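The next block is input18.cif, given as mmCIF, C-alpha atoms and all ligand atoms.
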data_run
loop_
_atom_site.label_atom_id
_atom_site.label_comp_id
_atom_site.auth_asym_id
_atom_site.auth_seq_id
_atom_site.Cartn_x
_atom_site.Cartn_y
_atom_site.Cartn_z
CA MET A 62 -16.71 -45.13 44.15
CA SER A 63 -15.22 -42.59 46.48
CA LEU A 64 -17.33 -39.54 47.07
CA SER A 65 -14.56 -37.07 47.65
CA VAL A 66 -16.55 -34.43 45.86
CA GLU A 67 -19.72 -33.62 47.70
CA ASN A 68 -22.56 -31.24 47.41
CA SER A 69 -22.44 -28.55 50.05
CA PRO A 70 -25.67 -27.37 51.70
CA ARG A 71 -25.93 -24.61 49.10
CA GLY A 72 -25.59 -27.13 46.27
CA GLN A 73 -22.11 -25.93 45.42
CA GLN A 74 -19.71 -28.75 44.60
CA THR A 75 -16.78 -28.97 46.92
CA MET A 76 -13.56 -30.92 47.17
CA ARG A 77 -10.60 -31.55 49.46
CA ALA A 78 -7.53 -29.33 49.13
CA ALA A 79 -4.31 -29.37 51.19
CA ARG A 80 -3.52 -25.67 51.53
CA PHE A 81 -0.66 -23.55 52.80
CA HIS A 82 -1.94 -20.73 54.99
CA GLY A 83 1.19 -18.63 55.31
CA LYS A 84 3.52 -17.75 58.14
CA GLN A 85 0.91 -18.22 60.87
CA GLN A 86 0.56 -21.93 60.20
CA LEU A 87 3.99 -23.32 59.36
CA GLY A 88 4.92 -26.99 59.47
CA HIS A 89 1.79 -28.45 57.96
CA LEU A 90 -0.89 -27.98 55.33
CA SER A 91 -4.51 -27.40 56.25
CA LEU A 92 -6.98 -29.95 54.89
CA ASP A 93 -9.72 -27.64 53.66
CA VAL A 94 -12.98 -28.11 51.82
CA VAL A 95 -13.15 -25.68 48.90
CA PRO A 96 -15.29 -25.23 45.80
CA VAL A 97 -14.39 -27.38 42.78
CA PRO A 98 -12.77 -24.95 40.30
CA GLN A 99 -14.49 -24.48 36.97
CA PRO A 100 -12.54 -24.61 33.69
CA GLY A 101 -12.78 -21.40 31.69
CA PRO A 102 -12.29 -21.11 27.92
CA GLY A 103 -9.18 -23.02 26.85
CA GLU A 104 -8.84 -24.74 30.23
CA ALA A 105 -9.20 -28.30 31.48
CA LEU A 106 -10.41 -29.61 34.82
CA VAL A 107 -8.23 -32.57 35.80
CA GLN A 108 -9.15 -35.09 38.48
CA VAL A 109 -5.87 -35.68 40.29
CA ARG A 110 -4.66 -39.28 40.62
CA TYR A 111 -1.16 -38.85 42.16
CA CYS A 112 0.82 -35.78 43.14
CA GLY A 113 4.46 -36.02 44.22
CA ILE A 114 5.88 -34.09 47.16
CA CYS A 115 8.78 -31.93 46.00
CA GLY A 116 11.60 -30.58 48.12
CA THR A 117 10.25 -27.12 47.34
CA ASP A 118 6.86 -28.08 48.90
CA THR A 119 8.69 -28.95 52.11
CA HIS A 120 10.57 -25.63 51.92
CA ILE A 121 7.28 -23.73 51.52
CA VAL A 122 5.60 -25.59 54.39
CA GLN A 123 8.57 -24.65 56.59
CA GLY A 124 8.21 -20.98 55.63
CA LEU A 125 11.14 -20.91 53.20
CA PRO A 126 10.75 -19.76 49.59
CA GLY A 127 10.32 -22.47 46.96
CA SER A 128 11.02 -21.80 43.28
CA LEU A 129 8.53 -18.92 43.31
CA PRO A 130 6.91 -16.89 46.10
CA VAL A 131 3.72 -18.27 47.68
CA VAL A 132 1.00 -16.32 49.45
CA GLY A 133 -1.56 -18.33 51.41
CA PRO A 134 -4.12 -19.71 51.29
CA ARG A 135 -2.70 -21.74 48.42
CA THR A 136 -3.12 -25.39 47.40
CA LEU A 137 0.40 -26.73 46.87
CA GLY A 138 1.49 -29.61 44.59
CA HIS A 139 2.93 -29.46 41.09
CA GLU A 140 4.02 -33.00 40.18
CA PHE A 141 0.79 -34.67 39.21
CA SER A 142 -1.01 -37.13 37.02
CA GLY A 143 -4.75 -37.37 36.54
CA ARG A 144 -7.54 -37.60 34.06
CA VAL A 145 -9.57 -34.99 32.27
CA ALA A 146 -12.88 -34.43 34.09
CA ALA A 147 -14.21 -31.47 32.08
CA VAL A 148 -13.03 -28.94 29.53
CA GLY A 149 -13.90 -25.31 28.90
CA ASP A 150 -15.00 -23.74 25.63
CA GLY A 151 -12.71 -24.11 22.66
CA VAL A 152 -10.89 -27.24 23.84
CA GLY A 153 -11.02 -29.86 21.12
CA HIS A 154 -7.95 -32.01 21.66
CA LEU A 155 -8.71 -33.55 25.05
CA GLU A 156 -11.25 -36.26 25.83
CA ILE A 157 -13.08 -36.70 29.11
CA GLY A 158 -11.35 -39.49 31.04
CA GLN A 159 -8.07 -39.12 29.14
CA ARG A 160 -4.96 -39.61 31.30
CA VAL A 161 -2.83 -36.47 31.39
CA THR A 162 -0.05 -34.71 33.17
CA SER A 163 0.55 -31.01 32.79
CA ASP A 164 3.25 -28.43 32.45
CA VAL A 165 3.12 -26.33 35.58
CA ASN A 166 4.79 -23.03 34.69
CA PHE A 167 2.84 -20.58 32.56
CA SER A 168 4.55 -17.58 31.02
CA CYS A 169 3.10 -14.38 29.58
CA GLY A 170 4.20 -15.17 26.00
CA HIS A 171 5.02 -11.58 25.03
CA CYS A 172 7.91 -10.29 27.15
CA ALA A 173 11.55 -10.18 26.07
CA ALA A 174 12.38 -13.48 27.82
CA CYS A 175 9.39 -15.24 26.26
CA TYR A 176 10.27 -13.91 22.78
CA ARG A 177 13.82 -15.15 23.21
CA GLY A 178 12.58 -18.68 23.89
CA ASN A 179 13.21 -18.56 27.63
CA PRO A 180 9.67 -18.77 29.03
CA HIS A 181 10.99 -19.92 32.41
CA LEU A 182 12.75 -16.56 32.81
CA CYS A 183 9.53 -14.62 32.21
CA PRO A 184 9.12 -12.12 35.07
CA ASP A 185 5.37 -12.77 35.04
CA MET A 186 5.56 -16.56 35.09
CA LEU A 187 2.84 -18.25 37.14
CA GLY A 188 3.53 -21.61 38.72
CA VAL A 189 1.06 -24.32 39.71
CA GLY A 190 1.26 -24.85 43.46
CA THR A 191 2.90 -21.46 44.04
CA ALA A 192 1.09 -18.57 42.33
CA ILE A 193 -1.98 -20.64 41.38
CA ASP A 194 -3.66 -23.55 43.12
CA GLY A 195 -1.91 -26.90 42.78
CA ALA A 196 -2.70 -30.59 42.79
CA PHE A 197 -2.84 -31.62 46.44
CA ALA A 198 -6.59 -31.50 45.80
CA ASP A 199 -9.25 -33.64 44.16
CA TYR A 200 -9.33 -31.38 41.10
CA ILE A 201 -7.11 -28.82 39.44
CA VAL A 202 -7.69 -26.43 36.52
CA VAL A 203 -4.83 -25.98 34.03
CA PRO A 204 -4.60 -24.55 30.51
CA ALA A 205 -5.62 -27.34 28.13
CA ALA A 206 -2.61 -26.52 25.95
CA ALA A 207 -0.32 -27.39 28.88
CA CYS A 208 -1.77 -30.91 29.22
CA HIS A 209 0.29 -33.81 27.90
CA PRO A 210 -1.47 -37.15 27.28
CA ILE A 211 0.20 -39.97 29.23
CA PRO A 212 1.43 -42.76 26.90
CA ASP A 213 0.08 -46.26 27.60
CA GLN A 214 3.55 -47.47 28.64
CA VAL A 215 3.68 -44.92 31.46
CA SER A 216 1.76 -45.62 34.69
CA ASP A 217 -0.11 -42.97 36.70
CA GLU A 218 2.61 -43.22 39.39
CA GLN A 219 5.39 -42.69 36.84
CA ALA A 220 3.53 -39.79 35.26
CA ALA A 221 3.71 -37.97 38.60
CA LEU A 222 7.50 -38.04 38.12
CA VAL A 223 7.39 -36.27 34.75
CA GLU A 224 7.71 -32.80 36.30
CA PRO A 225 10.83 -33.56 38.40
CA LEU A 226 12.27 -35.58 35.49
CA SER A 227 11.73 -32.63 33.16
CA CYS A 228 13.58 -30.37 35.65
CA CYS A 229 16.43 -32.91 35.64
CA LEU A 230 16.48 -32.88 31.83
CA HIS A 231 16.90 -29.11 31.85
CA GLY A 232 19.70 -29.54 34.41
CA MET A 233 21.39 -32.10 32.14
CA ASP A 234 21.00 -29.75 29.19
CA ARG A 235 22.79 -27.09 31.25
CA LEU A 236 25.48 -29.60 32.28
CA SER A 237 26.10 -30.46 28.59
CA VAL A 238 27.42 -33.97 29.16
CA ARG A 239 29.36 -35.21 26.14
CA LEU A 240 30.23 -38.77 25.18
CA GLY A 241 33.20 -39.83 27.26
CA ASP A 242 32.83 -37.21 30.00
CA THR A 243 33.36 -38.00 33.65
CA VAL A 244 30.48 -36.79 35.81
CA ALA A 245 30.14 -36.21 39.56
CA ILE A 246 26.63 -36.00 41.00
CA ILE A 247 26.42 -34.59 44.52
CA GLY A 248 23.39 -35.90 46.39
CA ALA A 249 21.72 -39.21 45.58
CA GLY A 250 18.17 -38.51 46.63
CA THR A 251 15.39 -38.80 44.06
CA ILE A 252 16.85 -36.06 41.87
CA GLY A 253 20.42 -37.34 42.09
CA LEU A 254 19.29 -40.87 41.24
CA ILE A 255 17.48 -39.55 38.17
CA MET A 256 20.61 -37.58 37.22
CA VAL A 257 22.74 -40.73 37.49
CA GLN A 258 20.49 -42.44 34.94
CA LEU A 259 20.38 -39.42 32.63
CA ALA A 260 24.17 -39.00 32.74
CA ARG A 261 24.52 -42.65 31.77
CA GLN A 262 22.09 -42.17 28.88
CA ALA A 263 23.93 -39.00 27.83
CA GLY A 264 27.15 -40.96 27.30
CA ALA A 265 29.13 -40.27 30.48
CA VAL A 266 31.98 -42.76 30.71
CA HIS A 267 32.38 -42.61 34.49
CA ILE A 268 29.79 -41.44 37.01
CA THR A 269 30.53 -40.74 40.67
CA ALA A 270 27.67 -40.26 43.13
CA VAL A 271 28.63 -38.30 46.24
CA GLU A 272 26.18 -39.10 49.03
CA PRO A 273 26.36 -39.51 52.82
CA HIS A 274 23.69 -42.22 53.23
CA PRO A 275 24.90 -45.79 52.48
CA HIS A 276 21.47 -46.94 51.24
CA GLN A 277 21.27 -44.10 48.72
CA ARG A 278 24.84 -44.82 47.60
CA GLN A 279 23.82 -48.43 46.99
CA LEU A 280 20.86 -47.28 44.88
CA ALA A 281 23.12 -44.98 42.87
CA LEU A 282 25.37 -47.95 42.04
CA GLN A 283 22.34 -50.06 41.06
CA LEU A 284 21.07 -47.31 38.77
CA GLY A 285 24.30 -46.79 36.88
CA ALA A 286 26.93 -44.98 38.95
CA ASN A 287 30.44 -46.45 38.66
CA GLN A 288 31.37 -45.24 42.11
CA ALA A 289 29.46 -43.94 45.13
CA VAL A 290 31.37 -42.19 47.90
CA ASP A 291 30.76 -40.32 51.11
CA PRO A 292 31.30 -36.53 50.74
CA SER A 293 33.96 -36.60 53.46
CA HIS A 294 36.05 -39.07 51.43
CA VAL A 295 35.72 -37.80 47.88
CA GLU A 296 38.90 -36.87 46.01
CA GLY A 297 39.41 -36.27 42.32
CA ALA A 298 38.34 -34.06 39.47
CA TRP A 299 35.44 -34.44 37.03
CA ASP A 300 34.53 -32.90 33.69
CA LYS A 301 30.94 -32.20 34.72
CA VAL A 302 29.76 -31.65 38.31
CA ILE A 303 26.16 -31.13 39.35
CA ASP A 304 25.10 -30.27 42.90
CA CYS A 305 21.71 -31.79 43.64
CA ALA A 306 22.00 -31.41 47.42
CA GLY A 307 21.69 -27.61 47.60
CA THR A 308 23.66 -26.77 50.73
CA PRO A 309 26.61 -24.38 51.09
CA ASP A 310 28.86 -27.39 51.73
CA SER A 311 27.67 -29.29 48.66
CA ALA A 312 27.95 -26.20 46.45
CA ALA A 313 31.51 -25.57 47.66
CA LEU A 314 32.31 -29.25 47.14
CA ALA A 315 31.02 -29.03 43.56
CA LEU A 316 33.57 -26.31 42.82
CA ARG A 317 36.35 -28.28 44.49
CA LEU A 318 35.59 -31.41 42.42
CA ALA A 319 35.63 -29.55 39.09
CA ALA A 320 38.45 -30.48 36.72
CA ARG A 321 40.14 -27.94 34.47
CA GLY A 322 37.65 -26.85 31.84
CA ALA A 323 34.75 -28.31 33.83
CA THR A 324 31.13 -27.22 33.94
CA VAL A 325 29.49 -26.94 37.38
CA VAL A 326 25.70 -26.74 37.70
CA PHE A 327 24.00 -25.60 40.91
CA PHE A 328 20.75 -27.58 40.73
CA GLY A 329 19.61 -28.13 44.33
CA LEU A 330 17.91 -25.24 46.11
CA THR A 331 19.90 -23.62 48.91
CA ARG A 332 18.34 -21.20 51.36
CA PRO A 333 18.08 -17.71 49.81
CA ASP A 334 20.73 -16.15 52.04
CA ASP A 335 23.23 -19.04 51.97
CA GLU A 336 26.69 -18.01 50.80
CA ILE A 337 29.82 -19.87 49.79
CA GLY A 338 33.43 -18.82 49.43
CA LEU A 339 34.73 -18.73 45.87
CA ARG A 340 38.25 -18.05 44.65
CA PRO A 341 37.99 -16.23 41.31
CA TYR A 342 41.62 -17.18 40.67
CA GLU A 343 40.70 -20.86 40.79
CA VAL A 344 37.73 -20.28 38.46
CA PHE A 345 40.10 -18.47 36.09
CA GLN A 346 42.87 -21.02 36.34
CA LYS A 347 40.51 -23.94 35.71
CA GLU A 348 38.44 -21.92 33.22
CA LEU A 349 35.29 -23.17 34.92
CA THR A 350 31.79 -22.71 33.59
CA ILE A 351 29.56 -22.19 36.63
CA THR A 352 25.86 -22.19 35.91
CA SER A 353 22.50 -23.30 37.27
CA SER A 354 19.18 -24.70 36.19
CA PHE A 355 15.76 -23.22 36.87
CA VAL A 356 12.57 -25.28 36.41
CA ASN A 357 11.86 -27.12 33.16
CA PRO A 358 11.39 -25.15 29.93
CA HIS A 359 10.52 -27.24 26.86
CA THR A 360 11.38 -30.58 28.51
CA PHE A 361 8.00 -32.14 29.40
CA GLY A 362 7.59 -33.97 26.10
CA ARG A 363 11.09 -35.42 26.24
CA ALA A 364 10.55 -36.53 29.85
CA LEU A 365 7.41 -38.43 28.83
CA SER A 366 9.23 -40.00 25.87
CA LEU A 367 12.07 -41.13 28.11
CA LEU A 368 9.65 -42.73 30.57
CA ALA A 369 7.71 -44.40 27.74
CA SER A 370 10.96 -45.79 26.34
CA GLY A 371 11.70 -47.52 29.66
CA GLY A 372 14.98 -45.63 29.83
CA ILE A 373 14.44 -44.36 33.37
CA ARG A 374 13.99 -46.83 36.21
CA THR A 375 11.45 -45.39 38.61
CA SER A 376 10.50 -48.26 40.94
CA ALA A 377 13.38 -47.55 43.34
CA LEU A 378 12.58 -43.83 43.37
CA ILE A 379 9.03 -43.93 44.75
CA THR A 380 9.43 -45.01 48.37
CA ARG A 381 6.15 -43.97 49.96
CA VAL A 382 2.52 -43.42 48.94
CA LEU A 383 0.26 -41.46 51.31
CA PRO A 384 -3.47 -40.75 50.95
CA LEU A 385 -4.28 -37.04 50.64
CA ASP A 386 -5.83 -36.98 54.13
CA HIS A 387 -2.43 -38.03 55.57
CA ILE A 388 -0.31 -35.63 53.54
CA ASN A 389 1.10 -34.00 56.66
CA ASP A 390 2.92 -37.25 57.56
CA ALA A 391 5.29 -36.23 54.76
CA PHE A 392 6.41 -33.05 56.50
CA GLY A 393 7.61 -34.66 59.74
CA GLN A 394 10.72 -36.82 59.69
CA PRO A 395 13.00 -36.62 56.63
CA HIS A 396 12.27 -39.57 54.36
CA PRO A 397 14.57 -40.79 51.60
CA GLY A 398 13.07 -41.06 48.15
CA LYS A 399 9.94 -39.69 46.57
CA THR A 400 6.62 -39.54 48.41
CA LEU A 401 3.53 -39.63 46.21
CA VAL A 402 0.18 -38.46 47.49
CA GLU A 403 -2.60 -40.69 46.16
CA VAL A 404 -5.56 -38.39 45.67
CA SER A 405 -7.99 -40.71 43.86
CA ALA A 406 -8.07 -44.43 43.08
CA ALA A 407 -7.56 -45.83 39.59
CA ASP A 408 -11.23 -46.67 39.09
CA ASP A 409 -12.60 -43.65 40.90
CA ARG A 410 -14.14 -41.51 38.20
CA SER A 411 -16.46 -38.86 39.47
CA ASN A 412 -17.85 -36.11 37.36
CA PRO A 413 -18.20 -32.84 39.22
ZN ZN A 501 9.22 -29.77 42.12
ZN ZN A 502 6.92 -13.49 29.48
#

Would you mind writing the file's structure down as structure tokens?
Ligand SMILES: [Zn+2]
Ligand SMILES: [Zn+2]
Amino acid sequence: MSLSVENSPRGQQTMRAARFHGKQQLGHLSLDVVPVPQPGPGEALVQVRYCGICGTDTHIVQGLPGSLPVVGPRTLGHEFSGRVAAVGDGVGHLEIGQRVTSDVNFSCGHCAACYRGNPHLCPDMLGVGTAIDGAFADYIVVPAAACHPIPDQVSDEQAALVEPLSCCLHGMDRLSVRLGDTVAIIGAGTIGLIMVQLARQAGAVHITAVEPHPHQRQLALQLGANQAVDPSHVEGAWDKVIDCAGTPDSAALALRLAARGATVVFFGLTRPDDEIGLRPYEVFQKELTITSSFVNPHTFGRALSLLASGGIRTSALITRVLPLDHINDAFGQPHPGKTLVEVSAADDRSNP
């Protein structure tokens, strides 16, 4: 049994947490010892098993904005799996030890956006790992209602991919792939490789992955792309184009690759002040639909169902597993694929 949770001299239970400390300490997270949070009414304390490192975590560590603003000190990490360690008053549907993942964006529930069914557009939305403490820590507190039990067919590693997969599902919903569409996916990192598989499942008849790295192009072909090409060589026009790379060049390329009547989705995060040139005449002439995709409203359950069905191949996506104490290795050299942080071992059940 690991004793990651220890009693401090004052008898207060403490845990490890990898925290962002703001502009003064860019480039890495600080490995701090902090009190174990306590679940209030309607909340669950989850012992974290794995937490994935998202591109937005890297942005935040570098001092760039992620999906939402972050003020330090803040424990990052929002792509996690774990097991229920304790529950607050009024929680009847979760059992201690139950494997769960959790929705990570919490909306107010009573503003205009929330009433219209767009909780992700709520101006008061709070995000795990941005506005509230995340899962690069031994324990995390989340609303019990946000917890989703992990089906037996889904491993703890896979369950840490539910959050990015659910973002991809929202992106695919925005892309509106129809049976027989041709689809171009720009960027074949973890997100792009998930998109390739989802586009295939959605009935795309021809999928092109646009990606500079030969190894990632090879993976795209293995996971269902018909064609994988370098961005400098791509020619043609597609019904649906999604930019998962999030640079000015890739966004401009997405517009260039759009066929007449196409839908273009800006999915990857650019820097806030990045700009691209756009010819309204071309948008008009092609009657383009240009849209984007923000986080993952209402898609967690479907993401879990897809993983449980075996419809998404994940083994090629997870390329590195780091222990929590070595999390900063992830913020050095760029690394293709998804890095998971292993916070606790499978048989490591401590009760704070
Ligand atoms: Zn993320
Ligand atoms: Zn709201």

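Candidate residues A:Cys169, A:Gln219, A:Phe345, A:Leu155 were compared for distance to Gly371 (chain A), and the nearest is A:Gln219, using all atoms listed in the file.
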
Contact check, chain A to ligand ZN 502 (chain A), at most 6 Å, counting only C-alpha atoms and all ligand atoms, closest pairs as a tab-separated table:
residue	atom	partner	partner_atom	distance
A:Ser168	CA	A:ZN502	ZN	5.0
A:Cys169	CA	A:ZN502	ZN	3.9
A:Gly170	CA	A:ZN502	ZN	4.7
A:His171	CA	A:ZN502	ZN	5.2
A:Cys172	CA	A:ZN502	ZN	4.1
A:Ala174	CA	A:ZN502	ZN	5.7
A:Cys175	CA	A:ZN502	ZN	4.4
A:Pro180	CA	A:ZN502	ZN	6.0
A:Cys183	CA	A:ZN502	ZN	3.9
A:Asp185	CA	A:ZN502	ZN	5.8

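Each of A:Gly103, A:Gly264, A:Gly338, A:Gly88 was checked against Asp242 (chain A) using only C-alpha atoms; the smallest atom-to-atom distance is that of A:Gly264.
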
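One distance worth recording is that between CA of Gln123 (chain A) and CA of Ala270 (chain A), which is 28.1 Å.
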
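Nearest to Arg278 (chain A) of all the residues A:His387, A:Thr251, A:Asp304, A:Arg261 is A:Thr251, counting all atoms listed in the file.
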
Could you list, as a ChimeraX atom specification, all protein and nucleic acid residues with an atom at most 7 Å from ligand ZN 501 (chain A), counting only C-alpha atoms and all ligand atoms?
/A:115-117,139-140,224-225

The distance between CA of Pro204 (chain A) and CA of Pro100 (chain A) is 8.6 Å

Distance CA of Ala79 (chain A)-CA of Val356 (chain A), one decimal place?
22.8 Å

Within 12 Å of Gln85 (chain A), counting only C-alpha atoms, which residues qualify if same-chain residues fewer than 3 places away don't, as a short mmCIF file (atom, residue, chain, number, x, y, z; two decimals) with C-alpha atoms, in the frame of the given file?
data_model
loop_
_atom_site.label_atom_id
_atom_site.label_comp_id
_atom_site.auth_asym_id
_atom_site.auth_seq_id
_atom_site.Cartn_x
_atom_site.Cartn_y
_atom_site.Cartn_z
CA PHE A 81 -0.66 -23.55 52.80
CA HIS A 82 -1.94 -20.73 54.99
CA GLY A 88 4.92 -26.99 59.47
CA HIS A 89 1.79 -28.45 57.96
CA LEU A 90 -0.89 -27.98 55.33
CA SER A 91 -4.51 -27.40 56.25
CA VAL A 122 5.60 -25.59 54.39
CA GLN A 123 8.57 -24.65 56.59
CA GLY A 124 8.21 -20.98 55.63
CA VAL A 132 1.00 -16.32 49.45
CA GLY A 133 -1.56 -18.33 51.41
CA PRO A 134 -4.12 -19.71 51.29
#

Can you list, as number ranges by chain, every protein, DNA or RNA residue that comes within 7 Å of Thr350 (chain A) when you count all atoms listed in the file, leaving out same-chain residues fewer than 3 positions away?
A: 323-325

For C-alpha atoms, I'd like the residues from the last selection saved as a PDB file, keeping the file's coordinate frame.
ATOM      1  CA  ALA A 323      34.750 -28.310  33.830  1.00  0.00           C
ATOM      2  CA  THR A 324      31.130 -27.220  33.940  1.00  0.00           C
ATOM      3  CA  VAL A 325      29.490 -26.940  37.380  1.00  0.00           C
TER       4      VAL A 325
END

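For Arg340 (chain A), the non-local neighbours within 12 Å, defined as residues at least 3 positions apart in the same chain or in other chains and counting only C-alpha atoms, are A:Ala313, A:Leu316, A:Arg317, A:Ile337, A:Glu343, A:Val344, A:Phe345, A:Gln346, A:Lys347, A:Leu349.
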
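Nearest to Pro358 (chain A) of all the residues A:Thr269, A:Thr308, A:Ser227, A:Ser216 is A:Ser227, based on all atoms listed in the file.
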
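By chain and then residue number, the residues within 7 Å of Pro210 (chain A) are Arg160, Val161 and Thr162 of chain A, counting all atoms listed in the file and disregarding those fewer than 4 positions away in sequence.
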